[in-house]
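K.L.:
So I've got this file, upload-v5.tsv, and it contains TSV, C-alpha atoms and all ligand atoms:
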chain	number	residue	atom	x	y	z
X	26	MET	CA	9.68	-37.27	-25.92
X	27	ILE	CA	7.67	-36.41	-22.82
X	28	PHE	CA	8.63	-33.48	-20.62
X	29	LEU	CA	7.14	-31.77	-17.59
X	30	ILE	CA	5.48	-28.43	-18.29
X	31	GLN	CA	3.60	-27.89	-15.05
X	32	THR	CA	3.97	-29.14	-11.50
X	33	ARG	CA	1.14	-29.53	-9.02
X	34	TYR	CA	1.36	-27.02	-6.21
X	35	SER	CA	-0.37	-26.99	-2.86
X	36	CYS	CA	-1.01	-23.33	-2.24
X	37	ARG	CA	-2.66	-21.32	0.50
X	38	SER	CA	-3.37	-17.58	0.36
X	39	PHE	CA	-4.58	-15.82	3.49
X	40	TYR	CA	-4.76	-12.47	5.23
X	41	ALA	CA	-2.86	-12.07	8.51
X	42	LEU	CA	-0.40	-9.67	10.13
X	43	GLY	CA	-2.09	-6.82	8.26
X	44	THR	CA	-1.10	-8.17	4.87
X	45	PHE	CA	-1.65	-10.78	2.15
X	46	ASN	CA	0.31	-13.99	2.49
X	47	SER	CA	0.86	-17.14	0.51
X	48	ILE	CA	2.55	-20.49	1.02
X	49	LYS	CA	3.27	-22.68	-1.97
X	50	ILE	CA	4.55	-26.26	-1.80
X	51	PRO	CA	5.17	-28.04	-5.10
X	52	ASP	CA	4.40	-31.69	-5.61
X	53	ARG	CA	2.59	-32.13	-2.32
X	54	ALA	CA	-1.09	-32.12	-1.64
X	55	ASP	CA	-0.71	-31.71	2.09
X	56	GLU	CA	-3.67	-29.63	3.23
X	57	ALA	CA	-3.12	-30.47	6.90
X	58	LEU	CA	0.44	-29.14	6.77
X	59	LEU	CA	-0.71	-25.92	5.08
X	60	ASP	CA	-3.42	-25.57	7.74
X	61	SER	CA	-0.87	-25.84	10.51
X	62	ALA	CA	1.43	-23.30	8.78
X	63	VAL	CA	-1.45	-20.78	8.59
X	64	ARG	CA	-2.32	-21.54	12.24
X	65	ARG	CA	1.28	-20.81	13.25
X	66	VAL	CA	1.20	-17.40	11.53
X	67	ARG	CA	-2.11	-16.55	13.21
X	68	GLU	CA	-0.73	-17.66	16.59
X	69	ILE	CA	2.22	-15.26	16.18
X	70	GLU	CA	-0.16	-12.50	15.11
X	71	ARG	CA	-2.38	-13.03	18.17
X	72	LYS	CA	0.65	-12.77	20.45
X	73	MET	CA	2.37	-9.80	18.82
X	74	SER	CA	-0.14	-7.59	17.02
X	75	VAL	CA	-1.08	-4.29	18.62
X	76	PHE	CA	-4.46	-4.61	16.89
X	77	PHE	CA	-5.46	-7.54	19.11
X	78	LYS	CA	-6.47	-6.05	22.47
X	79	ASP	CA	-5.57	-9.26	24.31
X	80	SER	CA	-2.18	-9.80	22.61
X	81	GLU	CA	0.94	-10.03	24.75
X	82	ILE	CA	2.25	-6.80	23.22
X	83	ALA	CA	-1.03	-4.95	23.87
X	84	ARG	CA	-0.80	-6.08	27.51
X	85	LEU	CA	2.87	-5.05	27.78
X	86	ASN	CA	1.89	-1.60	26.44
X	87	ARG	CA	-1.08	-1.24	28.81
X	88	LEU	CA	1.15	-1.99	31.78
X	89	ALA	CA	3.99	0.32	30.64
X	90	GLY	CA	5.60	2.01	33.62
X	91	LYS	CA	3.55	-0.12	36.01
X	92	SER	CA	4.58	-3.76	35.99
X	93	SER	CA	6.41	-6.55	34.17
X	94	VAL	CA	4.55	-8.93	31.89
X	95	PRO	CA	5.31	-12.64	31.40
X	96	LEU	CA	5.73	-13.39	27.70
X	97	SER	CA	5.73	-16.52	25.57
X	98	ASP	CA	9.06	-17.73	24.13
X	99	ASP	CA	7.99	-16.37	20.71
X	100	THR	CA	7.41	-12.80	21.85
X	101	PHE	CA	10.38	-12.78	24.20
X	102	LEU	CA	12.72	-13.96	21.44
X	103	VAL	CA	11.48	-11.31	18.97
X	104	LEU	CA	11.84	-8.54	21.57
X	105	LYS	CA	15.38	-9.70	22.39
X	106	HIS	CA	16.34	-9.78	18.74
X	107	ALA	CA	14.74	-6.39	18.10
X	108	ALA	CA	16.80	-4.96	20.96
X	109	GLU	CA	19.97	-6.34	19.36
X	110	ILE	CA	19.20	-4.77	15.97
X	111	SER	CA	18.15	-1.51	17.62
X	112	LYS	CA	21.53	-1.35	19.31
X	113	ALA	CA	23.45	-2.32	16.17
X	114	SER	CA	21.56	0.31	14.15
X	115	GLU	CA	22.06	2.95	16.88
X	116	GLY	CA	18.32	3.29	17.31
X	117	ALA	CA	17.38	3.64	13.61
X	118	PHE	CA	15.32	0.49	14.15
X	119	ASP	CA	13.29	1.09	17.27
X	120	ILE	CA	10.30	-1.00	18.38
X	121	THR	CA	9.32	1.60	21.00
X	122	LEU	CA	8.05	3.97	18.31
X	123	GLY	CA	4.49	2.80	19.16
X	124	PRO	CA	3.17	6.24	20.25
X	125	LEU	CA	4.64	7.93	17.14
X	126	ILE	CA	3.32	5.20	14.83
X	127	ASN	CA	-0.17	5.57	16.37
X	128	LEU	CA	0.01	9.35	15.99
X	129	TRP	CA	0.84	9.09	12.26
X	130	ARG	CA	-1.77	6.37	11.74
X	131	ARG	CA	-4.47	8.63	13.23
X	132	ALA	CA	-3.18	11.66	11.34
X	133	GLY	CA	-3.24	9.71	8.05
X	134	LYS	CA	-6.89	8.83	8.59
X	135	GLU	CA	-7.65	12.50	9.27
X	136	ASN	CA	-5.47	13.56	6.32
X	137	ARG	CA	-3.39	15.97	8.40
X	138	ILE	CA	0.23	16.35	9.46
X	139	PRO	CA	0.79	16.05	13.22
X	140	CYS	CA	2.11	19.31	14.68
X	141	GLU	CA	5.59	19.52	16.17
X	142	GLU	CA	4.30	19.43	19.75
X	143	GLU	CA	2.47	16.16	19.13
X	144	ARG	CA	5.53	14.64	17.44
X	145	GLU	CA	7.87	15.78	20.21
X	146	ALA	CA	5.59	14.33	22.90
X	147	CYS	CA	5.60	10.94	21.14
X	148	LYS	CA	9.34	11.05	20.42
X	149	LYS	CA	9.99	11.53	24.15
X	150	LEU	CA	8.17	8.26	24.79
X	151	SER	CA	10.47	6.27	22.52
X	152	GLY	CA	13.79	4.65	23.45
X	153	TYR	CA	14.68	1.03	22.81
X	154	GLU	CA	16.70	0.93	26.04
X	155	ASP	CA	13.43	1.31	27.94
X	156	VAL	CA	12.46	-2.28	27.11
X	157	LEU	CA	13.57	-3.97	30.32
X	158	PHE	CA	14.39	-7.69	30.22
X	159	LYS	CA	13.97	-9.14	33.65
X	160	GLY	CA	14.86	-12.77	33.00
X	161	SER	CA	12.66	-15.86	32.59
X	162	ASN	CA	10.55	-14.20	29.88
X	163	LEU	CA	9.55	-11.22	32.04
X	164	VAL	CA	9.60	-7.87	30.26
X	165	ALA	CA	8.57	-4.33	31.23
X	166	LEU	CA	8.45	-0.92	29.62
X	167	ARG	CA	10.11	1.68	31.80
X	168	ARG	CA	7.69	4.60	31.49
X	169	ILE	CA	3.91	5.13	31.45
X	170	GLY	CA	2.69	5.87	27.92
X	171	GLN	CA	5.43	3.90	26.17
X	172	ALA	CA	4.38	1.33	23.57
X	173	VAL	CA	6.06	-1.36	21.51
X	174	ASP	CA	5.14	-1.95	17.85
X	175	LEU	CA	6.55	-5.06	16.15
X	176	GLY	CA	5.29	-4.12	12.66
X	177	GLY	CA	8.89	-3.94	11.39
X	178	ILE	CA	9.98	-7.42	12.51
X	179	ALA	CA	7.08	-9.80	13.29
X	180	LYS	CA	6.40	-10.81	9.67
X	181	GLY	CA	10.03	-11.88	9.30
X	182	TYR	CA	9.85	-14.00	12.43
X	183	ALA	CA	6.61	-15.59	11.25
X	184	ALA	CA	8.18	-16.39	7.86
X	185	ASP	CA	11.15	-18.08	9.60
X	186	GLU	CA	8.74	-20.09	11.75
X	187	VAL	CA	6.76	-21.29	8.73
X	188	ARG	CA	10.01	-22.40	7.10
X	189	LYS	CA	11.01	-24.27	10.29
X	190	LEU	CA	7.64	-26.01	10.44
X	191	LEU	CA	7.69	-27.07	6.77
X	192	VAL	CA	11.29	-28.30	6.90
X	193	SER	CA	10.55	-30.28	10.09
X	194	GLN	CA	7.79	-32.08	8.13
X	195	GLY	CA	10.16	-33.06	5.34
X	196	VAL	CA	9.37	-30.30	2.83
X	197	GLU	CA	12.36	-29.80	0.54
X	198	SER	CA	10.95	-27.18	-1.78
X	199	ALA	CA	8.59	-24.28	-1.02
X	200	LEU	CA	7.96	-20.58	-1.46
X	201	ILE	CA	6.65	-18.59	1.50
X	202	ASN	CA	5.56	-14.99	1.07
X	203	LEU	CA	4.32	-13.12	4.12
X	204	GLY	CA	3.50	-9.66	2.80
X	205	GLY	CA	6.77	-9.27	0.91
X	206	ASN	CA	8.90	-11.26	3.36
X	207	VAL	CA	9.79	-14.07	0.98
X	208	VAL	CA	11.48	-17.28	2.13
X	209	THR	CA	12.59	-19.91	-0.36
X	210	ILE	CA	13.17	-23.52	0.66
X	211	GLY	CA	15.47	-25.59	-1.54
X	212	LEU	CA	15.04	-25.50	-5.32
X	213	ARG	CA	12.02	-25.53	-7.59
X	214	PRO	CA	10.76	-28.98	-8.60
X	215	ASP	CA	12.67	-28.80	-11.91
X	216	LYS	CA	15.82	-28.13	-9.81
X	217	SER	CA	16.12	-24.54	-11.02
X	218	LEU	CA	16.52	-21.67	-8.56
X	219	TRP	CA	13.46	-19.90	-7.17
X	220	LYS	CA	12.84	-16.52	-8.80
X	221	VAL	CA	11.78	-13.74	-6.45
X	222	GLY	CA	10.48	-10.60	-8.14
X	223	LEU	CA	11.46	-7.18	-6.79
X	224	GLN	CA	8.68	-4.60	-6.90
X	225	ASN	CA	9.29	-1.50	-8.98
X	226	PRO	CA	8.79	1.18	-6.28
X	227	ASN	CA	7.47	3.70	-8.83
X	228	SER	CA	4.95	1.42	-10.46
X	229	LEU	CA	1.74	-0.40	-9.79
X	230	ARG	CA	1.86	-3.26	-7.28
X	231	GLY	CA	3.06	-6.37	-9.05
X	232	ALA	CA	5.22	-4.49	-11.59
X	233	LEU	CA	8.77	-5.78	-11.19
X	234	PHE	CA	12.08	-4.12	-12.03
X	235	CYS	CA	14.09	-7.31	-11.74
X	236	TYR	CA	14.12	-10.68	-10.05
X	237	LEU	CA	16.53	-12.49	-7.83
X	238	GLU	CA	17.40	-16.16	-8.05
X	239	ALA	CA	17.58	-17.80	-4.66
X	240	GLU	CA	18.04	-21.13	-2.91
X	241	ASP	CA	17.37	-21.40	0.84
X	242	LYS	CA	17.38	-17.64	1.21
X	243	THR	CA	15.04	-14.95	2.38
X	244	VAL	CA	14.37	-11.86	0.29
X	245	VAL	CA	12.70	-8.97	2.13
X	246	THR	CA	11.84	-5.48	0.87
X	247	SER	CA	10.91	-2.29	2.73
X	248	GLY	CA	9.65	0.65	0.74
X	249	GLY	CA	8.02	4.01	1.23
X	250	TYR	CA	5.49	3.04	-1.45
X	251	GLU	CA	3.95	0.27	0.67
X	252	ARG	CA	1.75	2.37	2.95
X	253	PHE	CA	1.48	6.14	2.77
X	254	PHE	CA	-0.78	9.15	2.43
X	255	MET	CA	-0.24	12.27	0.33
X	256	LYS	CA	-0.57	15.78	1.69
X	257	ASP	CA	0.31	18.92	-0.29
X	258	GLY	CA	2.33	16.87	-2.75
X	259	VAL	CA	4.44	15.16	-0.05
X	260	ARG	CA	4.34	11.41	0.54
X	261	TYR	CA	4.09	10.51	4.24
X	262	HIS	CA	4.87	6.82	4.47
X	263	HIS	CA	4.96	4.22	7.23
X	264	ILE	CA	8.69	4.06	8.00
X	265	LEU	CA	9.52	6.65	10.62
X	266	ASP	CA	12.81	8.28	11.47
X	267	PRO	CA	13.12	8.12	15.28
X	268	LYS	CA	15.24	11.29	15.22
X	269	THR	CA	12.86	13.54	13.28
X	270	GLY	CA	9.58	11.89	14.29
X	271	THR	CA	8.36	11.95	10.70
X	272	SER	CA	8.56	9.60	7.72
X	273	VAL	CA	12.07	8.88	6.55
X	274	GLN	CA	13.57	11.06	3.84
X	275	SER	CA	16.80	9.23	3.07
X	276	GLY	CA	16.64	9.51	-0.71
X	277	LEU	CA	15.60	5.87	-1.05
X	278	LEU	CA	12.53	4.33	-2.64
X	279	SER	CA	13.11	0.76	-1.50
X	280	VAL	CA	15.62	-1.53	0.19
X	281	THR	CA	15.85	-5.30	-0.19
X	282	ALA	CA	17.82	-7.66	2.03
X	283	VAL	CA	18.94	-11.14	1.02
X	284	CYS	CA	20.17	-13.41	3.80
X	285	LYS	CA	19.31	-16.50	5.86
X	286	SER	CA	17.10	-15.08	8.61
X	287	SER	CA	13.87	-13.38	7.59
X	288	MET	CA	13.55	-11.78	11.02
X	289	ASP	CA	16.98	-10.15	10.57
X	290	ALA	CA	16.12	-9.13	7.03
X	291	ASP	CA	12.81	-7.57	8.11
X	292	ALA	CA	14.36	-5.38	10.79
X	293	LEU	CA	17.49	-4.63	8.73
X	294	THR	CA	15.58	-3.30	5.72
X	295	THR	CA	13.60	-0.95	7.96
X	296	ALA	CA	16.86	0.21	9.61
X	297	PHE	CA	18.64	0.67	6.24
X	298	PHE	CA	15.74	2.76	5.01
X	299	VAL	CA	16.28	5.11	7.97
X	300	LEU	CA	20.08	5.10	7.90
X	301	GLY	CA	20.66	5.40	4.15
X	302	PRO	CA	23.34	3.41	2.27
X	303	LYS	CA	26.44	4.86	3.92
X	304	ARG	CA	25.53	3.49	7.34
X	305	GLY	CA	23.09	0.84	6.14
X	306	ILE	CA	25.63	-1.17	4.12
X	307	PRO	CA	28.02	-1.82	7.06
X	308	LEU	CA	25.00	-2.80	9.18
X	309	PHE	CA	23.92	-5.35	6.56
X	310	GLU	CA	27.46	-6.73	6.34
X	311	ARG	CA	27.54	-7.21	10.10
X	312	PHE	CA	24.49	-9.49	9.84
X	313	GLY	CA	25.69	-11.28	6.68
X	314	ALA	CA	22.99	-9.68	4.51
X	315	SER	CA	23.29	-8.52	0.90
X	316	ALA	CA	21.43	-5.44	-0.33
X	317	VAL	CA	19.56	-4.13	-3.34
X	318	TYR	CA	18.37	-0.53	-3.06
X	319	VAL	CA	16.64	1.94	-5.34
X	320	THR	CA	17.24	5.68	-4.97
X	321	GLU	CA	14.80	8.51	-5.65
X	322	GLY	CA	16.81	9.14	-8.83
X	323	GLU	CA	15.76	5.57	-9.80
X	324	GLU	CA	19.30	4.26	-9.68
X	325	ILE	CA	19.56	0.63	-8.60
X	326	TYR	CA	22.49	-0.57	-6.50
X	327	ALA	CA	23.27	-4.11	-5.37
X	328	SER	CA	25.91	-5.91	-3.29
X	329	VAL	CA	28.61	-7.41	-5.50
X	330	ASP	CA	27.86	-10.96	-4.36
X	331	LEU	CA	24.35	-10.69	-5.87
X	332	ALA	CA	25.70	-9.93	-9.34
X	333	GLY	CA	25.09	-13.42	-10.75
X	334	THR	CA	21.65	-13.79	-9.20
X	335	LEU	CA	19.97	-10.50	-10.23
X	336	LYS	CA	18.18	-10.62	-13.57
X	337	GLY	CA	16.23	-8.00	-15.49
X	338	SER	CA	12.48	-8.54	-15.50
G	401	LIG	P1	8.65	-2.58	7.23
G	401	LIG	O1	7.51	-2.51	6.28
G	401	LIG	O2	9.13	-3.93	7.56
G	401	LIG	O3	9.76	-1.64	6.86
G	401	LIG	O4	8.11	-2.06	8.63
G	401	LIG	C1	7.39	-0.90	8.74
G	401	LIG	C2	6.57	-0.98	9.99
G	401	LIG	O5	7.48	-0.99	11.11
G	401	LIG	C3	5.69	0.24	10.19
G	401	LIG	O6	4.40	0.02	9.69
G	401	LIG	C4	5.70	0.40	11.70
G	401	LIG	O7	4.77	-0.50	12.30
G	401	LIG	C5	7.10	-0.05	12.09
G	401	LIG	N1	8.15	1.01	12.03
G	401	LIG	C6	8.15	2.19	11.36
G	401	LIG	N2	9.31	2.83	11.51
G	401	LIG	C7	10.09	2.03	12.29
G	401	LIG	C8	11.41	2.14	12.81
G	401	LIG	N3	12.20	3.19	12.55
G	401	LIG	N4	11.88	1.12	13.59
G	401	LIG	C9	11.10	0.03	13.86
G	401	LIG	N5	9.86	-0.12	13.40
G	401	LIG	C10	9.35	0.86	12.62
G	402	MG	MG	10.79	-4.55	8.33
Can you dump the structure from the file as structure tokens?
P.N.:
Amino acid sequence: MIFLIQTRYSCRSFYALGTFNSIKIPDRADEALLDSAVRRVREIERKMSVFFKDSEIARLNRLAGKSSVPLSDDTFLVLKHAAEISKASEGAFDITLGPLINLWRRAGKENRIPCEEEREACKKLSGYEDVLFKGSNLVALRRIGQAVDLGGIAKGYAADEVRKLLVSQGVESALINLGGNVVTIGLRPDKSLWKVGLQNPNSLRGALFCYLEAEDKTVVTSGGYERFFMKDGVRYHHILDPKTGTSVQSGLLSVTAVCKSSMDADALTTAFFVLGPKRGIPLFERFGASAVYVTEGEEIYASVDLAGTLKGS
């Protein structure tokens, strides 16, 4: 008897959006399609990254408090969606944390904790309601010094866009991973479900505590272990609490969302991390997302509907 033990994959790994990414399509040697998927991610990065001086977001930030900026459909749509999730999360997810994020980024490089005055000054510049939508893709920031940072949502949007592109070209099976924003298309070539590993937040990168089986779903994780610096035994990580102006201490190590939209999942996991489970779970339910979260006591909780799909590693 002959049976299949390995399938040919077309695979592309690349660095973009400040992270490592991969796109894997089984049974198809379509280099041109992979090229256009990578191009699409880079196009989104060039429009939305604050690290590109000529990006639309960099321009919006430079003109804060001065004038409106015309944006592409991509950037406009992400800003609109971010505003919706900011509102739904009562400001736990807030893309106007730019000044605070920059402050902590600089402080991390200098290995110091920003003083209260610095934090307060940056906190005063935040406020998602200060992103003003003026119709026909025109957007402004209300006050001088304000700055948008799409680090908590852009990867999700890019992952959704790669899925859209692949599906429009007839791809029925694929695995997209943009820095932990995983999107699965269809089933694996042997018709089994895709297996998406969940990172053990207390272990080396790549060490899993379980995996999730998924078909046409996105699986996105936010964790305090992803980017951080240590000072006097305290871990200062990259997810900030807009209320305190410092990295979130909600008793969580990581939060995973499972749903249809990777952009939703990206923003929702960041919001859940800030809100904690009591307020995070209803927020997820509102957007049709299921959750897996790990507490500092290393307890793992999951939405009931995931019970059949979560497997030990
Ligand atoms: P994620 O890894 O998706 O949870 O996103 C973290 C990134 O989002 C950070 O590196 C910041 O760029 C940005 N960020 C941090 N805290 C927040 C917040 N409370 N709301 C929105 N974006 C945030
Ligand atoms: Mg996020």
K.L.:
What gap, in Å, lies between atom CA of X:Val299 and atom CA of X:Ser315?
P.N.:
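Taking atom CA of X:Val299 and atom CA of X:Ser315, their separation equals 16.9 Å.
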K.L.:
Give me, as a PyMOL selection string, the set of residues whose atoms come within 9 Å of any atom of ligand LIG 401 (chain G), counting only C-alpha atoms and all ligand atoms.
P.N.:
chain X and resi 107+111+116-123+125-127+174-181+204-206+245-249+251-252+262-267+272-273+280+290-296+298-299
K.L.:
Show me, as a list in words, the residues that have an atom within 9 Å of stretch 155-166 of chain X when counting all atoms listed in the file, minus same-chain residues fewer than 2 positions from it.
P.N.:
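The residues that qualify are Leu85, Asn86, Leu88, Ala89, Gly90, Lys91, Ser92, Ser93, Val94, Pro95, Leu96, Ser97, Asp98, Thr100, Phe101, Leu102, Leu104, Lys105, Ala108, Thr121, Ser151, Gly152, Tyr153, Arg168, Ile169, Gln171, Ala172 and Val173 of chain X.
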K.L.:
Any idea what's packed within 12 Å of X:Ile138, counting all atoms listed in the file, ignoring anything in its chain fewer than 6 positions away? Could you give it as a VMD selection string?
P.N.:
chain X and resid 128 to 132 144 254 to 257 259 to 262 270 to 272
K.L.:
So how far away is atom CA of X:Lys112 from atom CA of X:Glu145, in Å?
P.N.:
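Separation between atom CA of X:Glu145 and atom CA of X:Lys112: 21.9 Å.
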K.L.:
Neighbouring residues of X:Glu323 were defined as those with any atom within 9 Å, considering all atoms listed in the file; residues of the same chain fewer than 4 positions away were excluded. Please report them as JSON, numbers by chain.
P.N.:
{"X": [226, 227, 277, 278, 319]}
K.L.:
With all atoms listed in the file as the atoms that count, which of X:Ala282, X:Val329, X:Ala316, X:Leu237 lies nearest to ligand MG 402 (chain G)?
P.N.:
X:Ala282
K.L.:
Need the shell around X:Tyr40: protein/DNA/RNA residues with any atom at most 10 Å away, counting only C-alpha atoms. Skip same-chain ones fewer than 6 positions apart. Format as an MDAnalysis selection string?
P.N.:
chainID X and resid 46:47 63 66:67 203:204
K.L.:
Can you work out the spacing between atom CA of X:Arg87 and atom CA of X:Pro124 in Å, to one decimal?
P.N.:
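Taking atom CA of X:Arg87 as the start and atom CA of X:Pro124 as the end point, the length is 12.1 Å.
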K.L.:
Choose the residue, out of X:Asp289, X:Asp185, X:Glu238, X:Asp79, that has the smallest atom-to-atom separation from ligand MG 402 (chain G); count only C-alpha atoms and all ligand atoms.
P.N.:
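Among the listed residues, the smallest separation from ligand MG 402 (chain G) belongs to X:Asp289.
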K.L.:
With only C-alpha atoms as the atoms that count, which of X:Ile69, X:Leu190, X:Val103, X:Ala199 lies nearest to X:Arg53?
P.N.:
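Once distances to X:Arg53 are computed over only C-alpha atoms, the minimum belongs to X:Ala199.
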K.L.:
For a quick check of understanding, using all atoms listed in the file, which of X:Ser328, X:Tyr34, X:Gly258, X:Thr320 has the smallest distance to X:Ile306?
P.N.:
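That would be X:Ser328, the residue with the smallest distance to X:Ile306.
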K.L.:
Using all atoms listed in the file, pick whichever of X:Glu143, X:Ala332, X:Ser279, X:Glu115 has the shortest atom-to-atom distance to ligand MG 402 (chain G).
P.N.:
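Once distances to ligand MG 402 (chain G) are computed over all atoms listed in the file, the minimum belongs to X:Ser279.
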K.L.:
From the list X:Val196, X:Cys36, X:Ile201, X:Ile110, which residue is nearest ligand MG 402 (chain G) when using all atoms listed in the file?
P.N.:
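Of X:Val196, X:Cys36, X:Ile201, X:Ile110, the one nearest ligand MG 402 (chain G), counting all atoms listed in the file, is X:Ile110.
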K.L.:
Could you pull the residues within 9 Å of X:Pro51, counting only C-alpha atoms, minus those fewer than 5 positions along the same chain, as a VMD selection string?
P.N.:
chain X and resid 32 to 36 198 to 200 213 to 214
